[in-house]
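Q: Below is a structure I'd like to ask you about.
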Amino acid sequence: MMGDEILRLEKISKSFGAIRALSNVDFALYKGEISALVGDNAAGKSTLLKVVAGIYRKDEGKMVLEGEEVEFKSPMDARRSKVEMVFQDFMLCPDLDVTSNIFLGKESTTFQVLNRKEMEKMVKSRLEEVKFDIPFLRRKVKFLSGGQQQMVSILRTLLFEPKILLLDEPTASLSASASMQVMEFLRKLKERISLIYVTHDLPSVIKYSDRITVLRAGKIVAERKPSEIDPIELVKLMRL
Amino acid sequence: MGRGKIGIGITTATLIALCLCSVIVYAYSLFVVKPVSRVDYTIMQNTIFVKSNTGESYITFTVQNTGTVDFVIEAIILDKDVIPLPSEGMSGSTEVKVGQLSALRIPLQKKYEVGTVVNLFLKTNPPLPEAQKFVVASTPVEAIG
Amino acid sequence: MMPVNGRKLLAIIKEKYQEMDELKSLSALVVIFAMGAAFSPEFFTTQNLGLLTGQMAVVAMASIGEGLVIIMGSIDLSVGSVMGLSNVLGAIIISRYNFSAPMAMLAVATVGGFVGLLNGIAVTKGKIPSFIVTLGTLTGIRGAAYLLSGGLNIPIYEKEFLALNELVVGIPKIFWIYAGFLIALSLIFKFTKLGLYIRAIGGNEIAVRNLGVDNEGVKTLAFTLSGICSAIAGFMLGVRLGAGYPHSGLGYELDVIAAVVVGGTSLVGGTGSLAGTLIGAVIMASILNLMVLMGISAFTQYVVRGVVLMLAALAMRRMVVSIK
């Protein structure tokens, strides 16, 4: 069930040199919602997510988070405001273990010395909470399966109780079964967290999202509820 | 604090730490230690040449001042023979400043046999410190002309 | 929790062996020591092992800093030149200005640190690849060494300084100095955020940046530490040579990088340890030592060292391929 508005983007524009990646985008996200962003390549979907995540700075427009205008100058600003992002290629450091990857950037330390035991304890309790098992937390992530790696990437974002979770093609590198596992997990999360996810997987968009926003050439061209549309019509909207 | 500020923070902290070390070292050099006055030199390219037709001989060598004070070469000593400087017919400067080289050519009165080796010592003012009394250059005797 | 059967257990053990790069290098070292014992009766004498530790201390010291930079995914080619500059500077301040050995070490370490800082700032703020930056400092700093010394060799007679070559428990004091630095930096590398971020940047710099971690400060600090380690290595070289030579350290960057790679650190970054650099330095020094004891010619020694380096790099590459 969708609640109040949690995030509002007004007239967001972003250019990279001569390329206008986003043009006057108005977008809103509601509490408890899974909002999907779809569009062809170079439609501006990932750019929009990265602006919200603080990776890119917007050129124009306003971002309002829980009623307050915000300006994210860096990813750390966004993370401090409880906006976390999960990346398509997981953004994991292959030679660090699961715990180190989950806490990357937000380590628990005492005079710069890592509190490994405390961090591992937190990871274990969160894994139990979300009912997901990753054996051997001290194993380097390069030895995990694709699905496990993506879960580590998602767990990293969940550890600090985000309000908004941004996912850039979360299942693009996964097998069909792993994709389903991840999407089912994400659906459970929406009780506590609002999600925006970018994907090319149109059937999953219809199945899992509460609202679908279509982008084309940096502009929003349509917004639909899943019940109002099917994949073929979505493709037409993406390409028209 | 944004990413940029943290970055400058670590770099600035590193710079400050290095500057602090520099200050410590500089203060040490100013207040604790004094430059050492020491005579030190290296002898190079030393050869005694004997003219085949006339039998005249002369020695050539280069002295490099590797110490911390200027010195003057008061005499050269070949085995046991002392030749005070400056001597007649010599070329080159007997005064060698710190870091400089001096090339000398000194005519010799004594006859030296070609193929032998003679030990060359220098007598300097100021003299070598006690521990380094025996800076000696083995000098070959060669024929010329 | 999944049940652990025999095959899975074997896979885990194999994985642990692959994970711990030091184990592979240590295995190679054991083989070399076994060869030493087999081919030369003098190899395992106290005198020879003392000689070995003295020989490897200089390269091993510089390898600590180089190891940090390579694990981070960069490279520092200026190590040999920084060694030369600090060798000359140390000789000057000790022989001409009466500096004590500890203060001289601090002075040269500070200068080395500034060189490293310069490298780090050029790489991070200037966005110039580390290979190019440190190639530039390799040349520039070597020139500075020649300028400072006037091209002259600077003999050192101070007893306190030369006494660092004396043996303690059969091993030169300079090796114990190196051991102290190795332990301190290894602890920092393994247990602090700095060490974690160095490995993280080497593994996936974009991820580190996108997660809001500063990578510029960490990279600059790693280059600074490399400069400091190289400078202290140059200081140790002065102890061994008894003088400051402006051409000292020439070509050492290759030996240092070889020690790091042979010790199990990948040149692409992300993996490796400082303990591995010790093992790598011992391996390279042992091979050289053994060849000398066996009377192998100097030219053949160069070939053998090159082959060892290539084999180590090949072993690392095949390891990566087999995991995928």
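Just so we're on the same page: first chain in the structure tokens is A, next is B, and so on; residues restart at 1 for each chain, and ligands are numbered from 1 in the order they show up.
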Enumerate as a ChimeraX atom specification the residues belonging to chain A that approach chain B to within 12 Å, with only C-alpha atoms taken into account.

A: /A:54-55,71-80,105

Q: Would you output that residue set with C-alpha atoms, as a short mmCIF file (atom, residue, chain, number, x, y, z; two decimals), in the first residue's frame?

A:
```cif
data_model
loop_
_atom_site.label_atom_id
_atom_site.label_comp_id
_atom_site.auth_asym_id
_atom_site.auth_seq_id
_atom_site.Cartn_x
_atom_site.Cartn_y
_atom_site.Cartn_z
CA GLY A 54 24.65 11.97 -5.57
CA ILE A 55 27.02 10.44 -8.12
CA GLU A 71 21.45 18.98 -2.61
CA PHE A 72 23.67 15.91 -2.82
CA LYS A 73 27.23 16.92 -3.65
CA SER A 74 28.59 13.39 -3.32
CA PRO A 75 27.43 9.80 -2.84
CA MET A 76 28.32 10.14 0.83
CA ASP A 77 25.80 13.00 1.19
CA ALA A 78 23.08 10.77 -0.28
CA ARG A 79 24.05 7.84 1.93
CA ARG A 80 23.89 10.07 4.98
CA GLY A 105 32.66 3.45 3.44
#
```

Q: If you run DSSP on this backbone, which residues of region 47-262 of chain C come out as strand (DSSP E or B), and could you give them as a PDB file with N, CA and C atoms, in the first residue's frame?

A:
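The file below, selection32.pdb, is the result:
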```pdb
ATOM      1  N   ILE C 154      80.568  10.575  -1.815  1.00  0.00           N
ATOM      2  CA  ILE C 154      80.740  11.191  -0.497  1.00  0.00           C
ATOM      3  C   ILE C 154      81.001  10.097   0.535  1.00  0.00           C
ATOM      4  N   PRO C 155      82.245   9.902   0.935  1.00  0.00           N
ATOM      5  CA  PRO C 155      82.528   8.839   1.902  1.00  0.00           C
ATOM      6  C   PRO C 155      82.015   9.206   3.285  1.00  0.00           C
ATOM      7  N   LEU C 167      76.360  -6.878  13.311  1.00  0.00           N
ATOM      8  CA  LEU C 167      75.374  -7.954  13.445  1.00  0.00           C
ATOM      9  C   LEU C 167      74.763  -7.998  14.837  1.00  0.00           C
ATOM     10  N   VAL C 168      73.484  -8.277  14.886  1.00  0.00           N
ATOM     11  CA  VAL C 168      72.780  -8.554  16.140  1.00  0.00           C
ATOM     12  C   VAL C 168      72.100  -9.908  15.922  1.00  0.00           C
ATOM     13  N   ILE C 171      72.508 -11.097  12.427  1.00  0.00           N
ATOM     14  CA  ILE C 171      71.819 -10.384  11.339  1.00  0.00           C
ATOM     15  C   ILE C 171      72.126  -8.886  11.458  1.00  0.00           C
ATOM     16  N   PRO C 172      72.426  -8.215  10.325  1.00  0.00           N
ATOM     17  CA  PRO C 172      72.784  -6.797  10.400  1.00  0.00           C
ATOM     18  C   PRO C 172      71.669  -5.944  10.995  1.00  0.00           C
ATOM     19  N   THR C 192      43.648  -1.583   9.846  1.00  0.00           N
ATOM     20  CA  THR C 192      43.058  -0.245   9.840  1.00  0.00           C
ATOM     21  C   THR C 192      42.283   0.031   8.562  1.00  0.00           C
ATOM     22  N   ALA C 243      79.192   5.026   1.900  1.00  0.00           N
ATOM     23  CA  ALA C 243      79.354   6.290   1.176  1.00  0.00           C
ATOM     24  C   ALA C 243      78.046   6.662   0.497  1.00  0.00           C
ATOM     25  N   GLY C 244      78.003   7.903   0.035  1.00  0.00           N
ATOM     26  CA  GLY C 244      76.876   8.334  -0.785  1.00  0.00           C
ATOM     27  C   GLY C 244      77.323   8.376  -2.225  1.00  0.00           C
TER      28      GLY C 244
END
```

Q: Would you kindly return, as a ChimeraX atom specification, each protein, DNA or RNA residue with an atom no farther than 10 Å from any atom of Leu162 (chain C), considering only C-alpha atoms and excluding same-chain residues fewer than 3 positions away?

A: /C:101,156-159,165-166,236,238-243

Q: Compute the set of chain C residues within 6 Å of chain B, using only C-alpha atoms, and express it as a PyMOL selection string.

A: chain C and resi 96-97+107+110+214+216-217

Q: Got a sec: who's within 12 Å of Lys106 (chain A), counting only C-alpha atoms, leaving out chain neighbours fewer than 2 positions off, as a JSON list (two decimals) with N, CA and C atoms, in the first residue's frame?

A:
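What landed in result17.json:
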```
[["chain", "number", "residue", "atom", "x", "y", "z"],
["A", 76, "MET", "N", 28.34, 10.21, -0.63],
["A", 76, "MET", "CA", 28.32, 10.14, 0.83],
["A", 76, "MET", "C", 27.20, 11.01, 1.39],
["A", 79, "ARG", "N", 24.09, 8.96, 0.99],
["A", 79, "ARG", "CA", 24.05, 7.84, 1.93],
["A", 79, "ARG", "C", 23.72, 8.33, 3.34],
["A", 80, "ARG", "N", 24.22, 9.50, 3.66],
["A", 80, "ARG", "CA", 23.89, 10.07, 4.98],
["A", 80, "ARG", "C", 22.42, 10.41, 5.09],
["A", 99, "THR", "N", 31.99, -9.12, 4.68],
["A", 99, "THR", "CA", 31.80, -8.07, 5.70],
["A", 99, "THR", "C", 32.43, -6.76, 5.26],
["A", 100, "SER", "N", 33.64, -6.82, 4.76],
["A", 100, "SER", "CA", 34.34, -5.59, 4.33],
["A", 100, "SER", "C", 33.58, -4.90, 3.22],
["A", 101, "ASN", "N", 33.05, -5.67, 2.28],
["A", 101, "ASN", "CA", 32.30, -5.09, 1.18],
["A", 101, "ASN", "C", 31.00, -4.45, 1.68],
["A", 102, "ILE", "N", 30.35, -5.12, 2.60],
["A", 102, "ILE", "CA", 29.07, -4.59, 3.09],
["A", 102, "ILE", "C", 29.29, -3.27, 3.83],
["A", 103, "PHE", "N", 30.36, -3.20, 4.59],
["A", 103, "PHE", "CA", 30.60, -2.00, 5.39],
["A", 103, "PHE", "C", 31.42, -0.94, 4.67],
["A", 104, "LEU", "N", 31.78, -1.16, 3.42],
["A", 104, "LEU", "CA", 32.71, -0.25, 2.72],
["A", 104, "LEU", "C", 32.21, 1.19, 2.74],
["A", 108, "SER", "N", 33.00, 0.33, 11.08],
["A", 108, "SER", "CA", 33.02, 0.63, 12.50],
["A", 108, "SER", "C", 34.48, 0.57, 12.94],
["A", 109, "THR", "N", 34.98, 1.67, 13.48],
["A", 109, "THR", "CA", 36.39, 1.69, 13.86],
["A", 109, "THR", "C", 36.57, 2.30, 15.24],
["A", 112, "GLN", "N", 40.64, 4.44, 14.09],
["A", 112, "GLN", "CA", 40.99, 3.95, 12.75],
["A", 112, "GLN", "C", 41.20, 2.44, 12.67],
["A", 114, "LEU", "N", 39.85, -1.27, 12.61],
["A", 114, "LEU", "CA", 38.55, -1.86, 12.28],
["A", 114, "LEU", "C", 38.02, -2.75, 13.40],
["A", 115, "ASN", "N", 36.73, -2.58, 13.71],
["A", 115, "ASN", "CA", 36.08, -3.47, 14.69],
["A", 115, "ASN", "C", 35.43, -4.62, 13.94],
["A", 119, "MET", "N", 31.33, -5.74, 13.34],
["A", 119, "MET", "CA", 30.74, -5.65, 12.00],
["A", 119, "MET", "C", 30.19, -6.99, 11.56],
["A", 156, "ARG", "N", 24.52, -4.42, 1.63],
["A", 156, "ARG", "CA", 25.32, -3.25, 1.96],
["A", 156, "ARG", "C", 24.41, -2.04, 2.14],
["A", 157, "THR", "N", 23.42, -1.95, 1.27],
["A", 157, "THR", "CA", 22.53, -0.80, 1.33],
["A", 157, "THR", "C", 21.55, -0.92, 2.49],
["A", 159, "LEU", "N", 21.95, -2.34, 5.41],
["A", 159, "LEU", "CA", 22.53, -2.36, 6.75],
["A", 159, "LEU", "C", 22.27, -1.06, 7.52],
["A", 160, "PHE", "N", 22.18, 0.02, 6.78],
["A", 160, "PHE", "CA", 22.05, 1.31, 7.44],
["A", 160, "PHE", "C", 20.64, 1.88, 7.31],
["C", 193, "LYS", "N", 41.54, 1.14, 8.63],
["C", 193, "LYS", "CA", 40.77, 1.56, 7.47],
["C", 193, "LYS", "C", 41.67, 1.87, 6.27],
["C", 196, "LEU", "N", 42.48, -1.24, 4.47],
["C", 196, "LEU", "CA", 41.28, -1.75, 3.80],
["C", 196, "LEU", "C", 41.02, -0.96, 2.53],
["C", 197, "TYR", "N", 41.13, 0.34, 2.60],
["C", 197, "TYR", "CA", 40.84, 1.18, 1.45],
["C", 197, "TYR", "C", 41.89, 1.02, 0.35],
["C", 208, "VAL", "N", 34.65, 2.05, -4.94],
["C", 208, "VAL", "CA", 35.09, 2.79, -3.75],
["C", 208, "VAL", "C", 34.65, 4.25, -3.85],
["C", 211, "LEU", "N", 30.84, 4.73, -3.54],
["C", 211, "LEU", "CA", 30.32, 4.52, -2.20],
["C", 211, "LEU", "C", 30.69, 5.67, -1.29],
["C", 212, "GLY", "N", 31.26, 6.71, -1.86],
["C", 212, "GLY", "CA", 31.54, 7.91, -1.08],
["C", 212, "GLY", "C", 32.85, 7.88, -0.33],
["C", 213, "VAL", "N", 33.63, 6.81, -0.50],
["C", 213, "VAL", "CA", 34.93, 6.76, 0.16],
["C", 213, "VAL", "C", 35.87, 7.67, -0.61],
["C", 214, "ASP", "N", 36.64, 8.46, 0.12],
["C", 214, "ASP", "CA", 37.64, 9.24, -0.58],
["C", 214, "ASP", "C", 38.75, 8.31, -1.05]]
```

Q: Taking only C-alpha atoms into account, find every residue of chain C that has an atom no more than 10 Å from chain A, and write it out as number ranges by chain.

A: C: 1-2, 12, 15-16, 19, 187-188, 190-197, 199-214, 269-272, 323-324

Q: Please produce a file of the residues just selected, as a CSV table (one decimal), in the first residue's frame, where the atoms kept are C-alpha atoms.

A:
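See result10.csv below for the written result:
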```csv
chain,number,residue,atom,x,y,z
C,1,MET,CA,23.6,-23.8,6.5
C,2,MET,CA,24.6,-26.2,3.6
C,12,ILE,CA,37.4,-24.9,0.5
C,15,GLU,CA,40.2,-22.0,-2.2
C,16,LYS,CA,42.1,-21.0,0.9
C,19,GLU,CA,43.2,-16.9,-1.5
C,187,LEU,CA,49.6,-4.0,11.2
C,188,ILE,CA,48.3,-0.8,9.7
C,190,LYS,CA,45.8,-5.4,7.9
C,191,PHE,CA,43.8,-3.8,10.8
C,192,THR,CA,43.1,-0.2,9.8
C,193,LYS,CA,40.8,1.6,7.5
C,194,LEU,CA,43.7,2.8,5.5
C,195,GLY,CA,44.8,-0.7,4.7
C,196,LEU,CA,41.3,-1.8,3.8
C,197,TYR,CA,40.8,1.2,1.4
C,199,ARG,CA,43.0,-3.0,-1.1
C,200,ALA,CA,39.5,-1.8,-2.0
C,201,ILE,CA,40.9,0.8,-4.4
C,202,GLY,CA,43.1,-1.8,-6.0
C,203,GLY,CA,40.1,-4.1,-6.4
C,204,ASN,CA,37.5,-1.7,-7.7
C,205,GLU,CA,38.3,2.0,-7.6
C,206,ILE,CA,35.0,3.0,-9.2
C,207,ALA,CA,33.1,1.1,-6.5
C,208,VAL,CA,35.1,2.8,-3.8
C,209,ARG,CA,34.5,6.2,-5.2
C,210,ASN,CA,30.7,5.6,-5.8
C,211,LEU,CA,30.3,4.5,-2.2
C,212,GLY,CA,31.5,7.9,-1.1
C,213,VAL,CA,34.9,6.8,0.2
C,214,ASP,CA,37.6,9.2,-0.6
C,269,GLY,CA,46.0,-4.5,-7.8
C,270,GLY,CA,43.6,-5.6,-5.2
C,271,THR,CA,45.6,-8.7,-3.9
C,272,GLY,CA,48.8,-9.1,-2.0
C,323,ILE,CA,39.0,-18.9,-10.5
C,324,LYS,CA,36.8,-17.6,-13.3
```

Q: Please compute the CA of Val82 (chain B)-CA of Asn53 (chain B) distance, one decimal, in Å.

A: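 Calculated distance between CA of Val82 (chain B) and CA of Asn53 (chain B) is 26.0 Å.
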
Q: Hey, what's within 8 Å of Lys123 (chain B) if we count only C-alpha atoms and toss same-chain stuff fewer than 6 positions away? As a list in words, please?

A: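 With the cut-off at 8 Å, the set is Ile73, Glu74, Ala75, Ile76 and Ile77 of chain B.
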
Q: Can those selected residues be exported to a file as a compact mmCIF listing (two decimals), in the first residue's frame so that it contains N, CA and C atoms?

A:
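Final file, again-v7.txt:
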```
# COMPACT_ATOMS: atom_id res chain seq x y z
N ILE B 73 97.73 22.32 -1.32
CA ILE B 73 98.70 21.21 -1.37
C ILE B 73 100.08 21.83 -1.17
N GLU B 74 100.68 21.52 -0.03
CA GLU B 74 101.98 22.11 0.28
C GLU B 74 103.11 21.32 -0.33
N ALA B 75 102.92 20.03 -0.49
CA ALA B 75 103.99 19.21 -1.07
C ALA B 75 103.39 17.91 -1.57
N ILE B 76 104.11 17.26 -2.52
CA ILE B 76 103.75 15.89 -2.89
C ILE B 76 104.89 14.99 -2.42
N ILE B 77 104.51 13.77 -2.09
CA ILE B 77 105.51 12.82 -1.61
C ILE B 77 105.45 11.59 -2.50
```

Q: Could you please determine the separation between CA of Ser194 (chain A) and CA of Val98 (chain A) in Å, to one decimal place?

A: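 Value for the CA of Ser194 (chain A)-CA of Val98 (chain A) distance: 24.9 Å.
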